[in-house]
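Asks: Quick one: this structure, given as structure tokens, is what I'll be asking you about.
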Amino acid sequence: MQCPPHVLSQFCVWYGECGVASGDKRYNCAYDGPPIALPEDGYDLMQELCPGLFFGNVSTCCDVRQLQTLKNNLQLPLQFLSRCPSCFYNLINLFCELTCSPNQSDFLNVTSTIPYYDPILKENKSSITELQYFIGEQFANAMYNACKDVEAPSSNVKALGLLCGKDAKDCNATNWIEYMFSKDNGQTPFSIIPIFSDVPVHGMNPMNNATKGCNESVDDSTGPCSCQDCSIVCGPKPQPPPLPAPWLLFGLDAVYVIMWISYMGFLLVFFALVFGIWCYRRQHFVSEYTPIDSNVAFSVKSHRDNGKITCGESLGERFENGLRMTFTSWGAFCVRNPRPVILFSVVFIAMCCSGFVYIKATTNPVDLWSAPNSQARKEKEYFDTHFGPFFRTEQLIIQAPNSHPDTYSPYPSGADVPFGPPLTKEILHQVLDLQDAIVNIAASFDNETVMLKDICLAPLAPYNNNCTILSVLNYFQNSHSVLDHSVGDEFFVYADYHTHFLYCVRAPASLNDTSLLHDPCLGTFGGPVSPWLVLGGYDEENYNNATALVITFPVNNYYNDSRKLMKALAWEKEFINFLKNYDNPNLTISFSAERSIEDEIDRESNSDISTVVISYIVMFVYISIALGHIQSCRRILVDSKISLGIAGILIVLSSVACSIGIFSYFGVPLTLIVIEVIPFLVLAIGVDNIFIIVQTLQRDERLQGETLDKQIGRVLGDVAPSMFLSSFSETVAFFLGTLSTMPAVRTFSLFAGMAVLIDFILQVTCFVSLLGLDIKRQESNRLDILCCIKSDEEMSGVQRSESILFLFFKNLYSPYLLKDWMRPIVIAVFVGVLSFSTAVIHNVEIGLDQFLSMPDDSYVVDYLSQLNKYLHAGPPVYFVLEEGHNYTSLEGQNMVCGGMGCNNDSLVQQVFNAAEIGSYTRIGYAPSSWIDDYFDWVKPQSSCCRVYNTTGQFCNASVTDPSCTRCRPLTQEGKQRPQGKDFMTFLPMFLSDNPNPKCGKGGHAAYNSAVDFINNKSDVGATYFMTYHTVLKTSSDFIDAMKKARAIADNITETMGIKEKNYRVFPYSVFYVFYEQYLTIVHDTIFNLCISLGSIFLVTTVLLGFEVWAAVIVSITIAMIIVNMFGVMWLWGISLNAVSLVNLVMSCGIAVEFCSHVTRAFTVSTKGSRVERAEEALSHMGSSVFSGITLTKFGGIVVLAFSKSEIFKIFYFRMYLAMVLLGATHGLIFLPVLLSYIGPSVNKAKTRATQERTRGTERERLLFF
């Protein structure tokens, strides 16, 4: 039926309600008369809803019942849009004109009615079932523009996404109004067809009332909308700062260019000098190796004994002699009294090891990587104390490899919507079965059954004990019947799970999907399920294209209740076992529990024990065999040193055990790094010393009339100062390493320093006594190991012998290396390698990829790869405002909130701005703001905040009781934000209110833990505003996210002007505590390595007899080894983190072993020229260093390459191999050549003392002729 339009104004098209449309929705009665005066009992409603029509005798086209229906229907838009008063003003204008305008007939045209008999008035009427609403395009666009930016703080989306029937980005003025007036939305009782035009159409004058822009005030008591809800107020969208321009020279990396030019410059100068000196020497010397003519002026030899001995030389000689005499006497004493010395050593070891009773191992990653007084640790403790610890996460990522995408065709019209493979109904049912099975997993702890419900996060408990399950199935209330719910007939399906899903991903907080299903989207636990948390592999915001489902079970964390924590751990163990054994060919499941990473690291450590043990066995076998020097095959069992080698190794391991025992006694916890790294380090250092003592003794010839104890004492006097130099410099370097702020480095340095010191003490006591006993055994022709059995092969005394390796170094390697033409090549190559390493040092990556800490065959590796592939949101981040802020004052509220009247640089607004440029700030979404939702909830226009007028207790919006009255009066003052006492009166009510269909803003589920009450709930303490980081995949992403979040928080603190008030804003996310170390790792690395180098320099200076220049050369060589280690790290993809920093500090220690022995041998040599002294030093010490460290370590390191663990392969195999190869090449190739060029000159005092000491002996001939 088509009603003719009225030409006269002031005519209605309806009045009153008649007939039930569906449920509690009613039709309006057709009426074409003039407006009727509104009864007085409707005046309050009219003034509240449509003040623009409240004039004169208030004649309208609606009765009180229609006004009440209008109020009820506006509750949902009110809760979301009233944040922006001008937006809500325009919207309410649209509905007031439709419902009550006295000029209805100008712009409303009834197109369909059905007859209705009124049983009360006993008369026939017509119910309107369809009409046309002519709306001005200008009005529609202005209304949309005022509302398009309004935020829904609790769900981090635009409010129009909840009210438009589609994503906010696809919403526009026409389809929004069409959706609101469509019968299909579930709220409208009959069809209203909007027709948009700014000019009269079919004789109708479109409704084109004046509108308010979002940057305009509605009245004197309200301001314009906030920047967050109105982009015009903000000005232009924030832009990320431009990336810093790379430093380039000639279009290449500037550091590369500078190092290349420097190296070329060095080569030119160096080779010019070498050539110049060569030409000069050709004229005077012919060759360094030809006999030097006695009258040549520049002969070092001719000047060796001439000139005055300086004070420094004399002091150095006395110090050197003092050390030598001390160790000589001590060595002789130990050989003469082996039993007391060995007994004392064993007692000392036993006493130290008694500390094992108190041993504590740290496996908690927080304690391992984060210093107790670090910023992130303090912030974590603050968060845990005020809001409770961050929950434990159990997560599944599910794919449906055998399923095919599904296509949904909406009824009655609309484009087909593709649905990803895991979103087919069959797969969803199977996933729900899996989810239910997980919920019903029962674990046993201490004779108690533990289920998910006992440990899960249930935000509405005790009113609602449902566990929080972040799953797409929570859109269907985790119910098979809701998933199967559909409405249709035998021909068409009008609405089914597709319809419900498409609505819920837009409005996850909705309690009515507005389709024909009318099912809720809100999770059974009382909170919304954000689609980006439960779906993966979709493009942009087309959630229906998802290729993976993500299910997360948050479980309560109990830091201070070990019993409850053990229950959670027991359930997690069953959860992991269940999923490992779960078999469904249609589902591919990747999963992880909170305990998974720790479990897998423990499993990896256990599996790597075999690798480490094999590595040590290889080294033990080599040491036992290499120590002996077999004279003939018949004496093999006598001359071998297997028992001595084993004793030496036991001493090394005992020193490690003593170190652990001592620190355990003092309560210092042990870490995995200590167990894995320190035996390796001490073995390198200790074995080297063993080889030096034994091989020097083997090369030595007993003097006439000299007893064994004096011979060993004399040998110890020669070599122990060198051992003391290396061990003491390493000990000091490690102990100074405890100044580091990184717990892993500090603990390592403590244990390593003590182990090296004890190792040295035991070697110059216990090992020397054992060596004496072993020589006596050998001299008496007793077999090694089976020392009771005597050999038939008679031999008088132990013969002086030189090993093949020693002869190789003495006769071939040293002379060849130090040839005139070879030395410049060595310098050029090593400086080239150094230049390369320096050029790439700034490119070494920082961080530790989680993948590396897992065994290759771990289920967690699969989970982490799927996480990177499918997750669309990063970890949650909380912006915490510490206790001390005044929320009850208008000024205090404006500093924090994001709605109308709030500061443009408020806390919420700044986080919102950061989310606008998420690719730069790594903030993914606008923050959920409890204070903004509270202000919307408490508004008198809303039905949310009500109290019983008798008791003053809170009355939930779903309660129908006449004694429930609104909290605040519907006056101008009542419409203002609550302040002072009012603020604190209603806030606890808001935080205890559960969302329901009449009020979706209840804060119990969303914000219950966000506000920390103090002073018996009379004041607000600390609070947080939560959002999410963008997806973070690599270590650099995590580090950058933390840096940016801290910068945002610091800026908020500054703009709020609260720096001086002893409270601040800080960001907190669960990963910060692990990644904070990387913010300072470069500084820590420089600090630790400089401390190590500095201490090595000082100790070397003193122990070399104040040879400053020699100490400088040692320090330069060690520094080169360290810089080259960085070059290897870049080449081999080893990142800089706590593990590699420990290895770098350790490589300082091992480098000392490679360099100090050769340097000391050079300084005590009395040969004529530097080349001869370098050759002698390399011959005597090179073979011991090579066999003691290089070969020993090499065998052990190669085994590590077969480890299952990536962390072992990368940080131990690769770094140890680099350490040993670089140490060996620098100590045995570069250092002797450098000493032959610029080594310290001969100490005349030492030369004379040596001459006096060896006068008339065979050694005089060896040393001086």
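Following the order of the structure tokens, first chain is A, next is B, and so on, with residues numbered from 1 inside each chain and ligands from 1 in the order they appear.
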Please provide the set of residues having any atom within 10 Å of Phe809 (chain A), restricted to only C-alpha atoms, with same-chain residues fewer than 3 positions apart removed, written as a list in words.
Replies: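 Those residues are Ser803, Ile804, Leu805, Phe806, Leu812, Tyr813, Ser814, Pro815, Tyr816, Leu817, Glu1175, Glu1176, Leu1178, Ser1179, His1180, Met1181, Gly1182, Ser1183 and Phe1186 of chain A.
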Asks: Can you write just those residues out, all heavy atoms, as a short mmCIF file (atom, residue, chain, number, x, y, z; two decimals), in the first residue's frame?
Replies:
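The resulting file, result_24.cif, is shown below:
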```cif
data_model
loop_
_atom_site.label_atom_id
_atom_site.label_comp_id
_atom_site.auth_asym_id
_atom_site.auth_seq_id
_atom_site.Cartn_x
_atom_site.Cartn_y
_atom_site.Cartn_z
N SER A 803 111.08 -33.91 22.22
CA SER A 803 109.99 -34.50 21.44
C SER A 803 110.11 -34.09 19.97
O SER A 803 110.77 -33.10 19.63
CB SER A 803 108.65 -34.03 21.99
OG SER A 803 108.48 -32.64 21.76
N ILE A 804 109.44 -34.85 19.13
CA ILE A 804 109.44 -34.56 17.68
C ILE A 804 108.88 -33.17 17.44
O ILE A 804 109.38 -32.41 16.62
CB ILE A 804 108.62 -35.63 16.93
CG1 ILE A 804 109.28 -36.99 17.07
CG2 ILE A 804 108.45 -35.26 15.46
CD1 ILE A 804 108.43 -38.16 16.65
N LEU A 805 107.81 -32.82 18.20
CA LEU A 805 107.17 -31.51 18.04
C LEU A 805 108.14 -30.39 18.40
O LEU A 805 108.24 -29.38 17.69
CB LEU A 805 105.92 -31.42 18.93
CG LEU A 805 104.95 -30.28 18.63
CD1 LEU A 805 104.41 -30.38 17.21
CD2 LEU A 805 103.78 -30.30 19.61
N PHE A 806 108.91 -30.61 19.50
CA PHE A 806 109.90 -29.60 19.91
C PHE A 806 110.97 -29.44 18.82
O PHE A 806 111.33 -28.32 18.45
CB PHE A 806 110.55 -30.02 21.24
CG PHE A 806 111.70 -29.14 21.64
CD1 PHE A 806 111.47 -27.85 22.12
CD2 PHE A 806 113.02 -29.58 21.51
CE1 PHE A 806 112.54 -27.03 22.49
CE2 PHE A 806 114.08 -28.75 21.87
CZ PHE A 806 113.84 -27.47 22.36
N LEU A 812 112.72 -26.46 12.18
CA LEU A 812 112.03 -26.12 10.93
C LEU A 812 111.16 -24.88 11.06
O LEU A 812 111.35 -23.90 10.36
CB LEU A 812 111.17 -27.32 10.47
CG LEU A 812 111.91 -28.54 9.94
CD1 LEU A 812 110.92 -29.66 9.66
CD2 LEU A 812 112.63 -28.17 8.65
N TYR A 813 110.21 -24.97 11.96
CA TYR A 813 109.15 -23.95 11.99
C TYR A 813 109.69 -22.57 12.37
O TYR A 813 109.47 -21.59 11.63
CB TYR A 813 108.06 -24.39 12.97
CG TYR A 813 106.95 -23.37 13.11
CD1 TYR A 813 106.06 -23.14 12.07
CD2 TYR A 813 106.81 -22.63 14.27
CE1 TYR A 813 105.06 -22.19 12.18
CE2 TYR A 813 105.81 -21.68 14.40
CZ TYR A 813 104.93 -21.46 13.35
OH TYR A 813 103.95 -20.53 13.47
N SER A 814 110.43 -22.49 13.50
CA SER A 814 110.87 -21.17 13.98
C SER A 814 111.81 -20.48 12.99
O SER A 814 111.59 -19.30 12.64
CB SER A 814 111.55 -21.29 15.35
OG SER A 814 110.67 -21.88 16.26
N PRO A 815 112.84 -21.15 12.50
CA PRO A 815 113.73 -20.46 11.53
C PRO A 815 112.99 -20.03 10.26
O PRO A 815 113.23 -18.94 9.75
CB PRO A 815 114.79 -21.52 11.21
CG PRO A 815 114.73 -22.50 12.32
CD PRO A 815 113.32 -22.51 12.80
N TYR A 816 112.09 -20.87 9.81
CA TYR A 816 111.36 -20.55 8.56
C TYR A 816 110.44 -19.35 8.77
O TYR A 816 110.39 -18.44 7.95
CB TYR A 816 110.56 -21.79 8.13
CG TYR A 816 109.98 -21.66 6.74
CD1 TYR A 816 110.78 -21.83 5.61
CD2 TYR A 816 108.62 -21.38 6.56
CE1 TYR A 816 110.26 -21.70 4.34
CE2 TYR A 816 108.09 -21.25 5.29
CZ TYR A 816 108.90 -21.41 4.18
OH TYR A 816 108.37 -21.28 2.92
N LEU A 817 109.71 -19.36 9.90
CA LEU A 817 108.76 -18.26 10.18
C LEU A 817 109.48 -16.93 10.27
O LEU A 817 108.96 -15.89 9.84
CB LEU A 817 108.01 -18.54 11.49
CG LEU A 817 107.03 -17.44 11.95
CD1 LEU A 817 105.82 -17.37 11.02
CD2 LEU A 817 106.56 -17.69 13.38
N GLU A 1175 113.14 -16.54 18.11
CA GLU A 1175 113.26 -17.93 17.66
C GLU A 1175 113.40 -18.87 18.85
O GLU A 1175 112.78 -19.94 18.91
CB GLU A 1175 114.49 -18.05 16.75
CG GLU A 1175 114.55 -19.39 16.02
CD GLU A 1175 115.76 -19.47 15.10
OE1 GLU A 1175 116.13 -18.44 14.48
OE2 GLU A 1175 116.34 -20.57 15.02
N GLU A 1176 114.23 -18.47 19.82
CA GLU A 1176 114.42 -19.30 21.01
C GLU A 1176 113.10 -19.44 21.80
O GLU A 1176 112.72 -20.53 22.22
CB GLU A 1176 115.50 -18.70 21.92
CG GLU A 1176 115.80 -19.62 23.10
CD GLU A 1176 116.74 -18.98 24.12
OE1 GLU A 1176 116.59 -17.76 24.40
OE2 GLU A 1176 117.59 -19.70 24.65
N LEU A 1178 110.05 -19.12 20.73
CA LEU A 1178 109.07 -19.92 19.99
C LEU A 1178 109.45 -21.40 20.03
O LEU A 1178 108.58 -22.27 20.16
CB LEU A 1178 109.00 -19.42 18.54
CG LEU A 1178 107.96 -20.08 17.64
CD1 LEU A 1178 106.55 -19.94 18.22
CD2 LEU A 1178 107.99 -19.46 16.23
N SER A 1179 110.75 -21.71 19.95
CA SER A 1179 111.19 -23.10 19.98
C SER A 1179 110.86 -23.75 21.31
O SER A 1179 110.36 -24.87 21.36
CB SER A 1179 112.70 -23.19 19.74
OG SER A 1179 113.02 -22.62 18.50
N HIS A 1180 111.18 -23.01 22.41
CA HIS A 1180 111.01 -23.62 23.73
C HIS A 1180 109.58 -23.64 24.20
O HIS A 1180 109.13 -24.62 24.81
CB HIS A 1180 111.90 -22.90 24.75
CG HIS A 1180 113.33 -23.32 24.66
ND1 HIS A 1180 114.19 -22.78 23.72
CD2 HIS A 1180 114.04 -24.25 25.34
CE1 HIS A 1180 115.38 -23.35 23.85
NE2 HIS A 1180 115.32 -24.25 24.83
N MET A 1181 108.85 -22.57 23.97
CA MET A 1181 107.49 -22.49 24.50
C MET A 1181 106.43 -22.88 23.47
O MET A 1181 105.36 -23.35 23.82
CB MET A 1181 107.19 -21.08 25.01
CG MET A 1181 107.71 -20.83 26.42
SD MET A 1181 106.91 -21.92 27.60
CE MET A 1181 107.87 -21.60 29.05
N GLY A 1182 106.75 -22.66 22.21
CA GLY A 1182 105.76 -22.90 21.15
C GLY A 1182 105.23 -24.32 21.14
O GLY A 1182 104.01 -24.54 21.05
N SER A 1183 106.14 -25.30 21.27
CA SER A 1183 105.69 -26.69 21.19
C SER A 1183 104.79 -27.05 22.36
O SER A 1183 103.81 -27.78 22.20
CB SER A 1183 106.90 -27.62 21.14
OG SER A 1183 107.69 -27.46 22.31
N PHE A 1186 101.48 -25.34 21.80
CA PHE A 1186 100.75 -26.00 20.70
C PHE A 1186 100.18 -27.34 21.15
O PHE A 1186 99.00 -27.63 20.93
CB PHE A 1186 101.71 -26.19 19.51
CG PHE A 1186 101.03 -26.74 18.30
CD1 PHE A 1186 100.16 -25.94 17.56
CD2 PHE A 1186 101.23 -28.06 17.89
CE1 PHE A 1186 99.51 -26.45 16.43
CE2 PHE A 1186 100.60 -28.56 16.77
CZ PHE A 1186 99.74 -27.76 16.04
#
```
Asks: Do a neighbour search on Gly952 (chain A) at 12 Å with only C-alpha atoms, toss out local chain neighbours closer than 4 positions, and write the hits as a PyMOL selection string.
Replies: chain A and resi 945-948+963-967+985-986+989
Asks: Counting only C-alpha atoms, figure out which residue out of A:Ser722, A:Asn904, A:Asn781, A:Ser22 gets nearest to Cys230 (chain A).
Replies: A:Asn904
Asks: Using backbone DSSP assignments, extract all alpha helix (DSSP H) residues from region 454-511 of chain A; output them as a PDB file with N, CA and C atoms, in the first residue's frame.
Replies:
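This went into out.pdb:
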```
ATOM      1  N   ASP A 454      41.020 -25.724  37.887  1.00  0.00           N
ATOM      2  CA  ASP A 454      41.654 -25.428  39.179  1.00  0.00           C
ATOM      3  C   ASP A 454      42.757 -24.383  39.057  1.00  0.00           C
ATOM      4  N   ILE A 455      43.269 -24.196  37.869  1.00  0.00           N
ATOM      5  CA  ILE A 455      44.439 -23.306  37.721  1.00  0.00           C
ATOM      6  C   ILE A 455      44.232 -22.192  36.707  1.00  0.00           C
ATOM      7  N   HIS A 480      28.751 -27.212  20.739  1.00  0.00           N
ATOM      8  CA  HIS A 480      28.434 -27.837  19.435  1.00  0.00           C
ATOM      9  C   HIS A 480      27.067 -27.384  18.941  1.00  0.00           C
ATOM     10  N   SER A 481      26.117 -27.225  19.858  1.00  0.00           N
ATOM     11  CA  SER A 481      24.752 -26.870  19.430  1.00  0.00           C
ATOM     12  C   SER A 481      24.698 -25.434  18.895  1.00  0.00           C
ATOM     13  N   VAL A 482      25.455 -24.514  19.531  1.00  0.00           N
ATOM     14  CA  VAL A 482      25.483 -23.118  19.024  1.00  0.00           C
ATOM     15  C   VAL A 482      26.181 -23.092  17.663  1.00  0.00           C
ATOM     16  N   LEU A 483      27.224 -23.893  17.513  1.00  0.00           N
ATOM     17  CA  LEU A 483      27.931 -23.963  16.226  1.00  0.00           C
ATOM     18  C   LEU A 483      26.994 -24.477  15.125  1.00  0.00           C
ATOM     19  N   ASP A 484      26.090 -25.378  15.494  1.00  0.00           N
ATOM     20  CA  ASP A 484      25.139 -25.930  14.514  1.00  0.00           C
ATOM     21  C   ASP A 484      23.890 -25.071  14.339  1.00  0.00           C
ATOM     22  N   TYR A 497      26.433 -20.446  11.135  1.00  0.00           N
ATOM     23  CA  TYR A 497      27.683 -20.108  11.840  1.00  0.00           C
ATOM     24  C   TYR A 497      28.537 -19.108  11.049  1.00  0.00           C
ATOM     25  N   HIS A 498      28.415 -19.115   9.704  1.00  0.00           N
ATOM     26  CA  HIS A 498      29.156 -18.134   8.885  1.00  0.00           C
ATOM     27  C   HIS A 498      28.734 -16.714   9.270  1.00  0.00           C
ATOM     28  N   THR A 499      27.408 -16.511   9.321  1.00  0.00           N
ATOM     29  CA  THR A 499      26.857 -15.182   9.637  1.00  0.00           C
ATOM     30  C   THR A 499      27.359 -14.735  11.000  1.00  0.00           C
ATOM     31  N   HIS A 500      27.273 -15.660  11.961  1.00  0.00           N
ATOM     32  CA  HIS A 500      27.657 -15.339  13.332  1.00  0.00           C
ATOM     33  C   HIS A 500      29.150 -15.010  13.413  1.00  0.00           C
ATOM     34  N   PHE A 501      29.964 -15.799  12.733  1.00  0.00           N
ATOM     35  CA  PHE A 501      31.415 -15.559  12.730  1.00  0.00           C
ATOM     36  C   PHE A 501      31.727 -14.168  12.164  1.00  0.00           C
ATOM     37  N   LEU A 502      31.118 -13.842  11.019  1.00  0.00           N
ATOM     38  CA  LEU A 502      31.403 -12.558  10.367  1.00  0.00           C
ATOM     39  C   LEU A 502      30.999 -11.374  11.252  1.00  0.00           C
ATOM     40  N   TYR A 503      29.948 -11.576  12.040  1.00  0.00           N
ATOM     41  CA  TYR A 503      29.550 -10.495  12.948  1.00  0.00           C
ATOM     42  C   TYR A 503      30.525 -10.412  14.130  1.00  0.00           C
ATOM     43  N   CYS A 504      30.868 -11.568  14.696  1.00  0.00           N
ATOM     44  CA  CYS A 504      31.671 -11.591  15.925  1.00  0.00           C
ATOM     45  C   CYS A 504      33.085 -11.065  15.733  1.00  0.00           C
TER      46      CYS A 504
END
```
Asks: With only C-alpha atoms as the basis for distance, which of A:Ile397, A:Val1152, A:Ile261, A:Ala21 is at the shortest distance from Pro189 (chain A)?
Replies: A:Ala21
Asks: Select, from A:Glu676, A:Glu313, A:Glu379, A:Glu594, the residue with the minimum atom-to-atom distance to Arg1248 (chain A), counting only C-alpha atoms.
Replies: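 The closest residue to Arg1248 (chain A) is A:Glu313.
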Asks: So how far away is CA of Leu70 (chain A) from CA of Tyr27 (chain A), in Å?
Replies: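 Atom-to-atom, CA of Tyr27 (chain A) to CA of Leu70 (chain A), that is 12.7 Å.
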Asks: Any idea what's packed within 12 Å of Ser929 (chain A), counting only C-alpha atoms, ignoring anything in its chain fewer than 3 positions away? Could you give it as a VMD selection string?
Replies: chain A and resid 151 to 156 228 878 to 880 893 896 to 899 906 to 909 911 to 912 925 to 926 932 to 936 1001 1003 1006 to 1007 1010 to 1011 1023 to 1027
Asks: Could you name the residues that touch Tyr1237 (chain A) at 12 Å or less, counting only C-alpha atoms, but leaving out those on the same chain fewer than 5 positions away, as a PyMOL selection string?
Replies: chain A and resi 270+273-274+277+818-820+823-824+826-827+1113+1169-1174+1230-1232
Asks: Using only C-alpha atoms, can you tell me which of A:Ala1005, A:Leu716, A:Leu672, A:Val1065 comes closest to Cys334 (chain A)?
Replies: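 Counting only C-alpha atoms, the residue closest to Cys334 (chain A) is A:Leu716.
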Asks: Can you measure CA of Ser217 (chain A) to CA of Glu48 (chain A) for me? One decimal in Å is fine.
Replies: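 Calculated distance between CA of Ser217 (chain A) and CA of Glu48 (chain A) is 17.6 Å.
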Asks: Do a neighbour search on Ala957 (chain A) at 8 Å with only C-alpha atoms, toss out local chain neighbours closer than 5 positions, and write the hits as a ChimeraX atom specification.
Replies: /A:943-946,996,998-999
Asks: Would you write out those residues with N, CA, C and O atoms, as a JSON list (two decimals), in the first residue's frame?
Replies:
```json
[["chain", "number", "residue", "atom", "x", "y", "z"],
["A", 943, "SER", "N", 22.04, 3.03, 30.89],
["A", 943, "SER", "CA", 21.31, 2.22, 31.87],
["A", 943, "SER", "C", 22.27, 1.37, 32.69],
["A", 943, "SER", "O", 21.86, 0.47, 33.41],
["A", 944, "CYS", "N", 23.58, 1.64, 32.58],
["A", 944, "CYS", "CA", 24.59, 0.78, 33.22],
["A", 944, "CYS", "C", 24.69, 1.03, 34.73],
["A", 944, "CYS", "O", 24.68, 0.09, 35.52],
["A", 945, "CYS", "N", 24.84, 2.28, 35.11],
["A", 945, "CYS", "CA", 25.12, 2.59, 36.51],
["A", 945, "CYS", "C", 23.81, 2.88, 37.25],
["A", 945, "CYS", "O", 23.21, 3.94, 37.08],
["A", 946, "ARG", "N", 23.39, 1.89, 38.04],
["A", 946, "ARG", "CA", 22.16, 2.06, 38.81],
["A", 946, "ARG", "C", 22.39, 1.53, 40.23],
["A", 946, "ARG", "O", 23.21, 0.64, 40.45],
["A", 996, "ASN", "N", 26.31, -7.31, 30.04],
["A", 996, "ASN", "CA", 25.05, -7.99, 29.71],
["A", 996, "ASN", "C", 24.40, -7.26, 28.54],
["A", 996, "ASN", "O", 24.87, -6.19, 28.16],
["A", 998, "LYS", "N", 22.00, -5.35, 28.11],
["A", 998, "LYS", "CA", 21.55, -3.96, 28.29],
["A", 998, "LYS", "C", 22.72, -3.03, 28.59],
["A", 998, "LYS", "O", 22.57, -1.82, 28.52],
["A", 999, "CYS", "N", 23.84, -3.62, 28.99],
["A", 999, "CYS", "CA", 25.02, -2.78, 29.26],
["A", 999, "CYS", "C", 26.28, -3.59, 28.94],
["A", 999, "CYS", "O", 26.68, -4.46, 29.72]]
```
Asks: Write down as a PyMOL selection string the residues belonging to region 71-170 of chain A that are assigned strand (DSSP E) by DSSP computed on the backbone.
Replies: chain A and resi 108-118+123-135+151-152+157-158
Asks: Which of these, A:Gly645, A:Pro585, A:Pro372, A:Gly713, has the shortest distance to Ile625 (chain A) once you count only C-alpha atoms?
Replies: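 Between A:Gly645, A:Pro585, A:Pro372, A:Gly713, the residue approaching Ile625 (chain A) most closely is A:Gly645.
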Asks: Could you pull the residues within 9 Å of region 1092-1106 of chain A, counting only C-alpha atoms, minus those fewer than 5 positions along the same chain, as JSON, numbers by chain?
Replies: {"A": [312, 313, 315, 316, 317, 318, 319, 320, 323, 721, 722, 724, 725, 726, 728, 729, 730, 732, 733, 734, 736, 737, 1087, 1111, 1112, 1114, 1115, 1118, 1119, 1145, 1148, 1149, 1152, 1156, 1159, 1160, 1163, 1164]}
Asks: From the set A:Ile609, A:Cys62, A:Leu163, A:Ala828, which residue has the shortest atom-to-atom contact distance to Leu267 (chain A), counting only C-alpha atoms?
Replies: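 Looking at the shortest contact to Leu267 (chain A), the residue is A:Ala828.
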